[in-house]
file structure_13.cif (mmCIF, C-alpha atoms (C1' of nucleotides))
data_upload
loop_
_atom_site.label_atom_id
_atom_site.label_comp_id
_atom_site.auth_asym_id
_atom_site.auth_seq_id
_atom_site.Cartn_x
_atom_site.Cartn_y
_atom_site.Cartn_z
CA MET A 1332 66.39 35.69 -161.48
CA PRO A 1333 68.21 32.68 -160.12
CA ASN A 1334 71.92 33.20 -159.88
CA GLN A 1335 74.21 30.64 -161.40
CA PRO A 1336 74.86 28.18 -158.61
CA HIS A 1337 78.61 28.02 -159.15
CA ARG A 1338 78.83 31.78 -158.86
CA THR A 1339 77.12 31.78 -155.48
CA ARG A 1340 79.26 28.87 -154.32
CA ALA A 1341 82.47 30.58 -155.44
CA ALA A 1342 81.47 33.82 -153.75
CA LEU A 1343 80.79 31.97 -150.49
CA VAL A 1344 84.13 30.14 -150.64
CA GLN A 1345 86.04 33.37 -151.20
CA ALA A 1346 84.06 35.18 -148.50
CA ALA A 1347 84.67 32.32 -146.07
CA LEU A 1348 88.43 32.67 -146.55
CA ASP A 1349 88.35 36.45 -146.15
CA THR A 1350 86.20 36.23 -143.04
CA LEU A 1351 88.45 33.62 -141.43
CA LYS A 1352 91.50 35.80 -142.11
CA THR A 1353 90.04 39.00 -140.72
CA GLU A 1354 87.51 37.91 -138.09
CA GLY A 1355 89.08 34.69 -136.83
CA PHE A 1356 87.23 31.43 -136.35
CA SER A 1357 84.82 32.67 -133.70
CA GLY A 1358 83.81 35.56 -135.95
CA THR A 1359 83.33 33.35 -138.97
CA THR A 1360 79.61 32.74 -138.79
CA ALA A 1361 77.16 31.93 -141.56
CA ARG A 1362 75.85 35.49 -141.34
CA ALA A 1363 79.29 37.10 -141.51
CA ILE A 1364 80.34 35.01 -144.51
CA ALA A 1365 77.08 35.52 -146.39
CA GLY A 1366 77.14 39.25 -145.68
CA ARG A 1367 80.61 39.50 -147.18
CA ALA A 1368 79.55 37.44 -150.19
CA GLY A 1369 76.45 39.58 -150.65
CA VAL A 1370 74.08 36.64 -150.52
CA ASN A 1371 71.45 35.37 -148.11
CA GLN A 1372 72.72 33.69 -144.99
CA ALA A 1373 70.71 30.52 -145.53
CA LEU A 1374 72.66 29.73 -148.71
CA VAL A 1375 75.58 28.60 -146.61
CA PHE A 1376 73.42 25.72 -145.41
CA TYR A 1377 71.82 25.07 -148.80
CA HIS A 1378 75.06 24.89 -150.76
CA PHE A 1379 77.45 23.47 -148.19
CA GLY A 1380 75.33 21.96 -145.45
CA GLY A 1381 76.84 24.12 -142.72
CA VAL A 1382 79.61 26.53 -141.79
CA GLU A 1383 82.20 23.86 -141.03
CA SER A 1384 81.80 22.15 -144.40
CA LEU A 1385 82.09 25.47 -146.18
CA LEU A 1386 85.29 26.24 -144.32
CA LEU A 1387 86.79 22.89 -145.32
CA ALA A 1388 85.82 23.50 -148.95
CA ALA A 1389 87.47 26.92 -148.72
CA LEU A 1390 90.60 25.39 -147.18
CA ASP A 1391 90.78 22.84 -149.99
CA ALA A 1392 90.54 25.56 -152.61
CA THR A 1393 93.29 27.73 -151.12
CA ALA A 1394 95.55 24.83 -150.13
CA ALA A 1395 95.55 23.33 -153.63
CA ALA A 1396 96.66 26.65 -155.14
CA ARG A 1397 99.21 27.22 -152.40
CA LEU A 1398 100.72 23.73 -152.66
CA GLU A 1399 101.14 24.17 -156.40
CA ARG A 1400 102.87 27.50 -155.81
CA TYR A 1401 105.23 25.92 -153.27
CA ARG A 1402 106.04 22.96 -155.50
CA THR A 1403 106.97 25.02 -158.55
CA ALA A 1404 108.89 27.63 -156.56
CA MET A 1405 110.91 25.02 -154.71
CA ALA A 1406 111.57 23.01 -157.86
CA ALA A 1407 113.21 26.12 -159.36
CA ALA A 1408 115.69 26.39 -156.49
CA THR A 1409 118.86 24.39 -157.05
CA ASP A 1410 120.98 24.87 -153.93
CA THR A 1411 120.35 25.40 -150.24
CA ALA A 1412 120.83 29.16 -150.34
CA GLU A 1413 118.21 29.48 -153.07
CA ARG A 1414 115.83 27.19 -151.21
CA ILE A 1415 116.07 29.33 -148.09
CA ALA A 1416 115.57 32.52 -150.11
CA THR A 1417 112.54 30.92 -151.73
CA ALA A 1418 111.19 29.78 -148.38
CA ARG A 1419 111.51 33.35 -147.09
CA ARG A 1420 109.63 34.68 -150.10
CA LEU A 1421 106.88 32.10 -149.69
CA TYR A 1422 106.65 32.76 -145.95
CA ARG A 1423 106.17 36.49 -146.58
CA GLU A 1424 103.47 35.74 -149.12
CA ASP A 1425 101.76 33.51 -146.59
CA VAL A 1426 101.78 36.09 -143.82
CA GLU A 1427 100.59 38.89 -146.10
CA GLY A 1428 97.99 36.74 -147.82
CA GLY A 1429 96.88 35.15 -144.56
CA HIS A 1430 97.18 31.67 -146.05
CA VAL A 1431 98.63 30.14 -142.90
CA THR A 1432 96.14 32.03 -140.75
CA VAL A 1433 93.37 29.96 -142.32
CA ILE A 1434 94.93 26.71 -141.18
CA SER A 1435 95.96 28.10 -137.76
CA GLU A 1436 92.43 29.23 -137.01
CA LEU A 1437 90.99 25.89 -138.07
CA LEU A 1438 93.59 23.97 -136.05
CA ALA A 1439 92.80 26.05 -132.98
CA ALA A 1440 89.08 25.47 -133.47
CA SER A 1441 89.54 21.74 -134.04
CA LEU A 1442 90.25 21.27 -130.32
CA ALA A 1443 86.58 20.76 -129.53
CA ARG A 1444 85.54 19.40 -132.94
CA PRO A 1445 86.63 15.80 -133.56
CA GLN A 1446 85.27 15.76 -137.11
CA LEU A 1447 87.16 18.89 -138.07
CA ARG A 1448 90.29 17.45 -136.46
CA ALA A 1449 90.06 14.30 -138.58
CA GLU A 1450 89.61 16.32 -141.77
CA LEU A 1451 92.59 18.52 -140.96
CA LEU A 1452 94.81 15.53 -140.26
CA THR A 1453 94.35 14.36 -143.86
CA ARG A 1454 95.00 17.83 -145.20
CA MET A 1455 98.27 18.41 -143.32
CA ALA A 1456 99.98 15.32 -144.74
CA PRO A 1457 100.89 16.73 -148.19
CA TRP A 1458 102.58 19.72 -146.56
CA ILE A 1459 104.77 17.59 -144.35
CA GLU A 1460 105.62 15.42 -147.36
CA LEU A 1461 106.54 18.50 -149.37
CA VAL A 1462 108.91 19.73 -146.66
CA ALA A 1463 110.39 16.24 -146.30
CA ALA A 1464 111.06 16.13 -150.05
CA VAL A 1465 112.84 19.49 -149.94
CA LEU A 1466 114.89 18.37 -146.94
CA ASP A 1467 115.84 15.24 -148.84
CA ASP A 1468 117.14 17.42 -151.67
CA VAL A 1469 119.04 19.60 -149.21
CA ALA A 1470 120.64 16.66 -147.46
CA GLY A 1471 121.37 15.15 -150.88
CA ASP A 1472 124.21 12.71 -150.81
CA SER A 1473 125.66 14.10 -147.58
CA PRO A 1474 125.81 11.75 -144.60
CA LEU A 1475 123.16 13.89 -142.87
CA SER A 1476 120.32 12.00 -144.53
CA GLU A 1477 121.39 8.81 -142.80
CA THR A 1478 121.78 10.06 -139.25
CA ILE A 1479 118.86 12.48 -139.04
CA PRO A 1480 115.23 11.39 -139.39
CA LEU A 1481 114.06 13.78 -142.09
CA ALA A 1482 110.36 13.06 -141.56
CA ASP A 1483 110.59 14.27 -137.96
CA VAL A 1484 112.50 17.39 -138.92
CA ALA A 1485 109.88 18.07 -141.59
CA SER A 1486 107.09 17.92 -139.01
CA ALA A 1487 109.07 20.20 -136.75
CA LEU A 1488 109.57 22.73 -139.55
CA VAL A 1489 105.84 22.76 -140.29
CA ALA A 1490 105.19 23.29 -136.57
CA LEU A 1491 107.75 26.11 -136.52
CA TYR A 1492 106.06 27.69 -139.53
CA LEU A 1493 102.66 27.59 -137.81
CA GLY A 1494 104.09 28.90 -134.55
CA LEU A 1495 105.94 31.77 -136.22
CA ASN A 1496 102.75 32.76 -137.98
CA LEU A 1497 100.84 32.65 -134.69
CA LEU A 1498 103.45 34.81 -132.95
CA SER A 1499 103.66 37.18 -135.90
CA ARG A 1500 100.23 38.47 -134.89
CA LEU A 1501 101.69 40.07 -131.81
CA ASP A 1502 104.46 41.75 -133.75
CA PRO A 1503 103.32 43.18 -137.08
CA ALA A 1504 106.93 43.75 -138.14
CA ASN A 1505 107.43 40.02 -137.72
CA ALA A 1506 111.10 40.49 -136.90
CA GLN A 1507 111.59 36.99 -135.47
CA ALA A 1508 110.89 35.16 -138.70
CA GLU A 1509 112.99 37.54 -140.77
CA SER A 1510 116.04 37.24 -138.55
CA LEU A 1511 115.55 33.49 -138.40
CA PHE A 1512 115.78 33.39 -142.20
CA ASP A 1513 118.89 35.59 -141.95
CA LEU A 1514 120.41 33.04 -139.60
CA MET A 1515 119.53 30.15 -141.89
CA GLU A 1516 121.10 31.92 -144.85
CA ARG A 1517 124.32 32.31 -142.90
CA VAL A 1518 124.30 28.63 -141.95
CA ALA A 1519 123.38 27.42 -145.45
CA PRO A 1520 126.90 27.49 -146.95
CA LEU A 1521 128.05 25.10 -144.23
CA LEU A 1522 125.54 22.55 -145.49
CA ASP A 1523 126.34 22.90 -149.18
CA GLY A 1524 130.05 23.45 -148.88
CA PRO A 1525 131.35 20.03 -147.77
CA SER A 1526 129.14 18.00 -150.09
CA THR A 1527 130.07 19.97 -153.22
CA SER A 1528 132.95 17.87 -154.44
CA MET B 111 73.99 32.50 -97.78
CA PRO B 112 76.39 34.75 -99.67
CA ASN B 113 79.44 32.99 -100.94
CA GLN B 114 82.83 34.40 -100.09
CA PRO B 115 83.77 36.58 -103.05
CA HIS B 116 87.25 35.16 -103.44
CA ARG B 117 85.80 31.65 -103.60
CA THR B 118 83.48 32.58 -106.46
CA ARG B 119 86.28 34.37 -108.26
CA ALA B 120 88.65 31.43 -107.86
CA ALA B 121 86.00 29.00 -109.07
CA LEU B 122 85.40 31.15 -112.16
CA VAL B 123 89.12 31.39 -112.91
CA GLN B 124 89.56 27.61 -112.67
CA ALA B 125 86.41 26.96 -114.70
CA ALA B 126 87.56 29.41 -117.37
CA LEU B 127 90.82 27.48 -117.77
CA ASP B 128 89.07 24.12 -117.92
CA THR B 129 86.54 25.39 -120.45
CA LEU B 130 89.23 26.88 -122.67
CA LYS B 131 91.15 23.58 -122.61
CA THR B 132 88.18 21.36 -123.44
CA GLU B 133 85.81 23.55 -125.47
CA GLY B 134 88.25 25.85 -127.24
CA PHE B 135 87.89 29.61 -127.43
CA SER B 136 84.64 29.64 -129.38
CA GLY B 137 83.05 27.34 -126.80
CA THR B 138 84.26 29.40 -123.87
CA THR B 139 81.19 31.50 -123.20
CA ALA B 140 80.12 33.15 -119.98
CA ARG B 141 77.40 30.53 -119.63
CA ALA B 142 79.74 27.59 -120.20
CA ILE B 143 82.26 28.90 -117.69
CA ALA B 144 79.65 29.72 -115.04
CA GLY B 145 77.97 26.36 -115.52
CA ARG B 146 81.26 24.59 -114.91
CA ALA B 147 81.95 26.73 -111.85
CA GLY B 148 78.46 26.10 -110.53
CA VAL B 149 77.60 29.77 -110.25
CA ASN B 150 75.26 32.14 -112.03
CA GLN B 151 76.28 33.34 -115.45
CA ALA B 152 75.96 37.03 -114.52
CA LEU B 153 78.80 36.71 -112.02
CA VAL B 154 81.31 36.60 -114.86
CA PHE B 155 80.33 40.18 -115.65
CA TYR B 156 80.02 41.25 -112.05
CA HIS B 157 83.41 39.96 -110.95
CA PHE B 158 85.47 40.37 -114.10
CA GLY B 159 83.58 42.75 -116.36
CA GLY B 160 83.34 40.28 -119.23
CA VAL B 161 84.53 36.99 -120.65
CA GLU B 162 87.74 38.34 -122.16
CA SER B 163 88.92 39.91 -118.90
CA LEU B 164 88.20 36.69 -117.04
CA LEU B 165 90.25 34.74 -119.56
CA LEU B 166 93.19 37.09 -119.13
CA ALA B 167 92.95 36.77 -115.34
CA ALA B 168 92.92 33.00 -115.76
CA LEU B 169 95.93 33.14 -118.06
CA ASP B 170 97.82 35.23 -115.52
CA ALA B 171 97.11 32.74 -112.78
CA THR B 172 98.25 29.71 -114.73
CA ALA B 173 101.20 31.43 -116.40
CA ALA B 174 102.65 32.60 -113.08
CA ALA B 175 102.58 29.05 -111.69
CA ARG B 176 103.94 27.61 -114.92
CA LEU B 177 106.77 30.13 -115.21
CA GLU B 178 107.84 29.37 -111.65
CA ARG B 179 107.82 25.64 -112.43
CA TYR B 180 109.97 26.21 -115.52
CA ARG B 181 112.45 28.44 -113.71
CA THR B 182 113.10 26.05 -110.84
CA ALA B 183 113.22 22.97 -113.09
CA MET B 184 115.66 24.61 -115.49
CA ALA B 185 117.81 25.97 -112.69
CA ALA B 186 118.30 22.39 -111.46
CA ALA B 187 119.72 21.27 -114.82
CA THR B 188 123.46 21.73 -115.14
CA ASP B 189 124.39 20.55 -118.62
CA THR B 190 122.75 20.52 -122.03
CA ALA B 191 121.60 16.90 -121.85
CA GLU B 192 119.82 17.56 -118.57
CA ARG B 193 118.25 20.72 -119.93
CA ILE B 194 116.84 18.85 -122.91
CA ALA B 195 115.54 16.07 -120.66
CA THR B 196 113.93 18.71 -118.45
CA ALA B 197 112.43 20.47 -121.47
CA ARG B 198 110.93 17.17 -122.61
CA ARG B 199 109.42 16.60 -119.19
CA LEU B 200 107.98 20.11 -119.06
CA TYR B 201 106.65 19.80 -122.60
CA ARG B 202 104.80 16.59 -121.69
CA GLU B 203 103.34 18.27 -118.64
CA ASP B 204 102.18 21.15 -120.79
CA VAL B 205 100.48 18.93 -123.35
CA GLU B 206 98.79 16.77 -120.74
CA GLY B 207 97.80 19.70 -118.56
CA GLY B 208 96.73 21.80 -121.55
CA HIS B 209 98.81 24.74 -120.34
CA VAL B 210 99.98 25.70 -123.82
CA THR B 211 96.50 25.13 -125.22
CA VAL B 212 95.32 28.08 -123.16
CA ILE B 213 97.79 30.43 -124.80
CA SER B 214 97.30 28.91 -128.28
CA GLU B 215 93.56 29.40 -128.13
CA LEU B 216 93.95 32.97 -126.93
CA LEU B 217 96.57 33.74 -129.60
CA ALA B 218 94.29 32.34 -132.29
CA ALA B 219 91.38 34.39 -130.98
CA SER B 220 93.49 37.55 -130.72
CA LEU B 221 93.46 37.86 -134.52
CA ALA B 222 90.27 39.90 -134.47
CA ARG B 223 90.71 41.42 -130.99
CA PRO B 224 93.33 44.19 -130.85
CA GLN B 225 92.96 44.61 -127.09
CA LEU B 226 93.54 40.94 -126.41
CA ARG B 227 96.50 41.00 -128.79
CA ALA B 228 98.12 43.84 -126.85
CA GLU B 229 97.62 42.05 -123.54
CA LEU B 230 99.12 38.85 -124.91
CA LEU B 231 102.16 40.65 -126.27
CA THR B 232 103.10 41.73 -122.74
CA ARG B 233 102.52 38.23 -121.39
CA MET B 234 104.70 36.44 -123.96
CA ALA B 235 107.82 38.46 -123.14
CA PRO B 236 108.84 36.62 -119.93
CA TRP B 237 108.70 33.28 -121.73
CA ILE B 238 110.99 34.40 -124.51
CA GLU B 239 113.34 35.88 -121.90
CA LEU B 240 113.33 32.60 -120.00
CA VAL B 241 114.28 30.62 -123.11
CA ALA B 242 116.94 33.18 -123.99
CA ALA B 243 118.46 32.83 -120.52
CA VAL B 244 118.59 29.04 -120.87
CA LEU B 245 120.16 29.34 -124.31
CA ASP B 246 122.73 31.69 -122.85
CA ASP B 247 123.64 29.04 -120.29
CA VAL B 248 123.81 26.38 -123.02
CA ALA B 249 126.03 28.46 -125.26
CA GLY B 250 128.11 29.34 -122.24
CA ASP B 251 131.63 30.36 -123.12
CA SER B 252 131.52 28.67 -126.50
CA PRO B 253 131.94 30.88 -129.58
CA LEU B 254 128.32 30.13 -130.50
CA SER B 255 127.03 32.96 -128.32
CA GLU B 256 128.93 35.48 -130.44
CA THR B 257 127.86 34.36 -133.89
CA ILE B 258 124.25 33.41 -133.25
CA PRO B 259 121.60 35.93 -132.10
CA LEU B 260 120.21 34.10 -129.07
CA ALA B 261 117.14 36.34 -128.77
CA ASP B 262 116.00 35.32 -132.24
CA VAL B 263 116.59 31.64 -131.60
CA ALA B 264 114.63 31.99 -128.35
CA SER B 265 111.65 33.43 -130.22
CA ALA B 266 111.90 30.65 -132.75
CA LEU B 267 111.93 28.00 -130.02
CA VAL B 268 108.82 29.50 -128.42
CA ALA B 269 107.17 29.48 -131.85
CA LEU B 270 108.21 25.86 -132.35
CA TYR B 271 106.77 24.99 -128.95
CA LEU B 272 103.43 26.59 -129.84
CA GLY B 273 103.38 24.97 -133.27
CA LEU B 274 104.17 21.50 -131.93
CA ASN B 275 101.37 21.86 -129.44
CA LEU B 276 98.98 22.92 -132.18
CA LEU B 277 99.94 19.96 -134.38
CA SER B 278 99.82 17.57 -131.44
CA ARG B 279 96.04 17.88 -131.54
CA LEU B 280 95.93 15.99 -134.80
CA ASP B 281 98.11 13.19 -133.50
CA PRO B 282 97.30 12.21 -129.92
CA ALA B 283 100.46 10.11 -129.70
CA ASN B 284 102.38 13.32 -130.41
CA ALA B 285 105.20 11.39 -132.04
CA GLN B 286 106.78 14.45 -133.72
CA ALA B 287 107.67 16.22 -130.51
CA GLU B 288 109.01 13.08 -128.86
CA SER B 289 111.29 12.18 -131.75
CA LEU B 290 112.40 15.80 -131.97
CA PHE B 291 113.52 15.60 -128.35
CA ASP B 292 115.27 12.31 -129.20
CA LEU B 293 117.12 14.10 -131.98
CA MET B 294 118.10 16.97 -129.69
CA GLU B 295 119.43 14.57 -127.10
CA ARG B 296 121.65 12.97 -129.73
CA VAL B 297 122.94 16.35 -130.85
CA ALA B 298 123.44 17.68 -127.31
CA PRO B 299 126.87 16.06 -126.67
CA LEU B 300 128.22 17.88 -129.72
CA LEU B 301 127.37 21.18 -128.03
CA ASP B 302 128.80 20.32 -124.64
CA GLY B 303 131.80 18.32 -125.86
CA PRO B 304 134.06 20.94 -127.46
CA SER B 305 133.53 23.60 -124.78
CA THR B 306 134.30 21.22 -121.88
CA SER B 307 137.99 21.83 -121.63
"C1'" DG C 647 66.97 24.10 -158.21
"C1'" DT C 648 67.62 28.47 -155.88
"C1'" DC C 649 66.68 31.58 -152.53
"C1'" DT C 650 63.71 34.29 -148.81
"C1'" DA C 651 61.27 34.53 -144.67
"C1'" DT C 652 61.06 33.01 -140.40
"C1'" DA C 653 61.37 29.91 -136.24
"C1'" DC C 654 64.18 28.66 -132.69
"C1'" DT C 655 68.49 28.61 -129.76
"C1'" DT C 656 72.29 30.53 -127.56
"C1'" DG C 657 75.21 34.30 -125.84
"C1'" DG C 658 76.28 38.97 -123.78
"C1'" DA C 659 74.89 42.17 -120.67
"C1'" DT C 660 72.21 44.75 -117.07
"C1'" DA C 661 68.42 46.34 -113.93
"C1'" DG C 662 66.82 45.42 -109.94
"C1'" DA C 663 65.45 41.74 -106.20
"C1'" DC C 664 67.31 39.74 -102.10
"C1'" DG D 1316 77.72 41.89 -102.13
"C1'" DT D 1317 75.40 38.25 -104.61
"C1'" DC D 1318 72.25 36.46 -107.63
"C1'" DT D 1319 67.72 36.21 -110.51
"C1'" DA D 1320 64.96 37.68 -114.15
"C1'" DT D 1321 65.02 39.45 -118.35
"C1'" DC D 1322 66.26 42.00 -122.54
"C1'" DC D 1323 68.44 42.22 -126.89
"C1'" DA D 1324 71.66 40.77 -130.38
"C1'" DA D 1325 73.53 37.13 -132.99
"C1'" DG D 1326 73.72 32.27 -134.53
"C1'" DT D 1327 71.85 27.97 -136.74
"C1'" DA D 1328 68.70 25.77 -139.39
"C1'" DT D 1329 64.48 24.83 -142.06
"C1'" DA D 1330 59.82 25.32 -144.27
"C1'" DG D 1331 58.12 26.86 -148.03
"C1'" DA D 1332 57.92 30.72 -151.81
"C1'" DC D 1333 59.49 31.44 -156.38
#
call {"tool": "encode", "arguments": {"input": "structure_13.cif", "output": "structure tokens"}}
result
Amino acid sequence: MPNQPHRTRAALVQAALDTLKTEGFSGTTARAIAGRAGVNQALVFYHFGGVESLLLAALDATAAARLERYRTAMAAATDTAERIATARRLYREDVEGGHVTVISELLAASLARPQLRAELLTRMAPWIELVAAVLDDVAGDSPLSETIPLADVASALVALYLGLNLLSRLDPANAQAESLFDLMERVAPLLDGPSTS
Amino acid sequence: MPNQPHRTRAALVQAALDTLKTEGFSGTTARAIAGRAGVNQALVFYHFGGVESLLLAALDATAAARLERYRTAMAAATDTAERIATARRLYREDVEGGHVTVISELLAASLARPQLRAELLTRMAPWIELVAAVLDDVAGDSPLSETIPLADVASALVALYLGLNLLSRLDPANAQAESLFDLMERVAPLLDGPSTS
DNA sequence: GTCTATACTTGGATAGAC
DNA sequence: GTCTATCCAAGTATAGAC
């Protein structure tokens, strides 16, 4: 009884994500993924050609959904305070859902894998663009947008996001990120205030 | 001709660092380390009890030297501009020398290793304290120190540092970090200016 | 076209030789 | 105290059964 191919593929993609989130990159082997998916280990190679390709397919699947979620949530926010509150909500979702963990583990593993590194480079771009677009909205017509290179700040914010997620492993309560959002919420009115004429 | 034990141990520690920097965590096996050190693979277990313990010993060795370097370099800086210039210099050293890579790889791997996670938690504390101390000097007698929780900002800066290093793998030129330091140098006078009465 | 069985390689760890 | 020989577990990948 041959299984429907797309079902096996989907199960492997989901299992790959779950394994990466709970076992880390070094624990994400063809056997571990297949075991979680309930299929034979060799199917990883048949359907995806190898573990690395499967992981990239899994990243693409989760990143597309996540990007869409970010875009709609951020579009609904109209001022800086709301954008920060939204960012906090999204950050919590990411930590709980392990969405950022997937990219962190792959980035860490890309050190010794030039191919993986190249693939990840392409896939980081839309995130940095998304943050840059939000920053552009925040800066709005204020003089900030002229004097500060938004693209660089966007990269830095993405780096901060990754770093916070990495550090959050050591502290399950994740107090740093929460109090950082508190701080940003206190600073937010200073950004909106002057430009609201 | 029995080797002096401390020579073998030192060779393993150095080889462990080099392997972690070039092969990443998943490539840092007892065999890879021992091969690089030019000793038998079983000595990793004899001298350190296992790969993970060796890696922690290696981290301790490099972190102690690195912390000392940071402390003396930062102590020599007297105003905010100098501190930022020093931070830029230290950051470049870290990227080139792979010092942060060691901790990034271990943090990424700690996801599925509770013991490693606990050990790393202890070892991150002095770095956050160091940054907090520098921030305290920067804030000085300005009102900033009252309104902004320095400990949280210190954690965030450490996270940013880790994240920048992680992203720098994708872009060898590492333009983000450099232009971020540019930005900070332009903002620095605003911090020093008002409080210099 | 899909999957199973199996071959081969690499890694962790230790018993015992020197 | 140091290292070799060796075992066992786990990983990748493919040849061939269905």
call {"tool": "interface_residues", "arguments": {"input": "structure_13.cif", "of": "chain A", "to": "chain C", "cutoff": "12 Å", "atoms": "all atoms listed in the file", "output": "list in words"}}
result
Met1332, Pro1333, Asn1334, Gln1335, Pro1336, His1337, Thr1339, Arg1340, Val1370, Asn1371, Gln1372, Ala1373, Leu1374, Val1375, Phe1376, Tyr1377 and His1378 of chain A
call {"tool": "closest_atom_pairs", "arguments": {"input": "structure_13.cif", "of": "chain D", "to": "chain A", "cutoff": "9 Å", "atoms": "all atoms listed in the file", "output": "tab-separated table"}}
result
residue	atom	partner	partner_atom	distance
D:DA1325	C1'	A:Arg1362	CA	8.8
D:DG1326	C1'	A:Thr1360	CA	7.3
D:DT1327	C1'	A:Ala1361	CA	8.2
D:DA1328	C1'	A:Phe1376	CA	7.6
call {"tool": "write_last_selection", "arguments": {"input": "structure_13.cif", "atoms": "C-alpha atoms (C1' of nucleotides)", "output": "tab-separated table (two decimals), in the frame of the given file"}}
result
chain	number	residue	atom	x	y	z
D	1325	DA	C1'	73.53	37.13	-132.99
D	1326	DG	C1'	73.72	32.27	-134.53
D	1327	DT	C1'	71.85	27.97	-136.74
D	1328	DA	C1'	68.70	25.77	-139.39
call {"tool": "resolve_selection", "arguments": {"input": "structure_13.cif", "expression": "the PyMOL selection byres ((chain A) within 7 of (chain B))", "output": "PyMOL selection string"}}
result
chain A and resi 1353-1355+1357+1436+1438-1440+1442-1443+1448+1452+1483+1486-1487+1490-1491+1493-1495+1497-1498+1500-1501+1507+1510-1511
call {"tool": "write_last_selection", "arguments": {"input": "structure_13.cif", "atoms": "C-alpha atoms", "output": "PDB file, keeping the file's coordinate frame"}}
result
ATOM      1  CA  THR A1353      90.040  39.000-140.720  1.00  0.00           C
ATOM      2  CA  GLU A1354      87.510  37.910-138.090  1.00  0.00           C
ATOM      3  CA  GLY A1355      89.080  34.690-136.830  1.00  0.00           C
ATOM      4  CA  SER A1357      84.820  32.670-133.700  1.00  0.00           C
ATOM      5  CA  GLU A1436      92.430  29.230-137.010  1.00  0.00           C
ATOM      6  CA  LEU A1438      93.590  23.970-136.050  1.00  0.00           C
ATOM      7  CA  ALA A1439      92.800  26.050-132.980  1.00  0.00           C
ATOM      8  CA  ALA A1440      89.080  25.470-133.470  1.00  0.00           C
ATOM      9  CA  LEU A1442      90.250  21.270-130.320  1.00  0.00           C
ATOM     10  CA  ALA A1443      86.580  20.760-129.530  1.00  0.00           C
ATOM     11  CA  ARG A1448      90.290  17.450-136.460  1.00  0.00           C
ATOM     12  CA  LEU A1452      94.810  15.530-140.260  1.00  0.00           C
ATOM     13  CA  ASP A1483     110.590  14.270-137.960  1.00  0.00           C
ATOM     14  CA  SER A1486     107.090  17.920-139.010  1.00  0.00           C
ATOM     15  CA  ALA A1487     109.070  20.200-136.750  1.00  0.00           C
ATOM     16  CA  ALA A1490     105.190  23.290-136.570  1.00  0.00           C
ATOM     17  CA  LEU A1491     107.750  26.110-136.520  1.00  0.00           C
ATOM     18  CA  LEU A1493     102.660  27.590-137.810  1.00  0.00           C
ATOM     19  CA  GLY A1494     104.090  28.900-134.550  1.00  0.00           C
ATOM     20  CA  LEU A1495     105.940  31.770-136.220  1.00  0.00           C
ATOM     21  CA  LEU A1497     100.840  32.650-134.690  1.00  0.00           C
ATOM     22  CA  LEU A1498     103.450  34.810-132.950  1.00  0.00           C
ATOM     23  CA  ARG A1500     100.230  38.470-134.890  1.00  0.00           C
ATOM     24  CA  LEU A1501     101.690  40.070-131.810  1.00  0.00           C
ATOM     25  CA  GLN A1507     111.590  36.990-135.470  1.00  0.00           C
ATOM     26  CA  SER A1510     116.040  37.240-138.550  1.00  0.00           C
ATOM     27  CA  LEU A1511     115.550  33.490-138.400  1.00  0.00           C
TER      28      LEU A1511
END
call {"tool": "atom_distance", "arguments": {"input": "structure_13.cif", "atom1": "CA of Ala126 (chain B)", "atom2": "CA of Leu169 (chain B)"}}
result
9.2 Å
call {"tool": "atom_distance", "arguments": {"input": "structure_13.cif", "atom1": "CA of Leu1348 (chain A)", "atom2": "CA of Leu1386 (chain A)"}}
result
7.5 Å
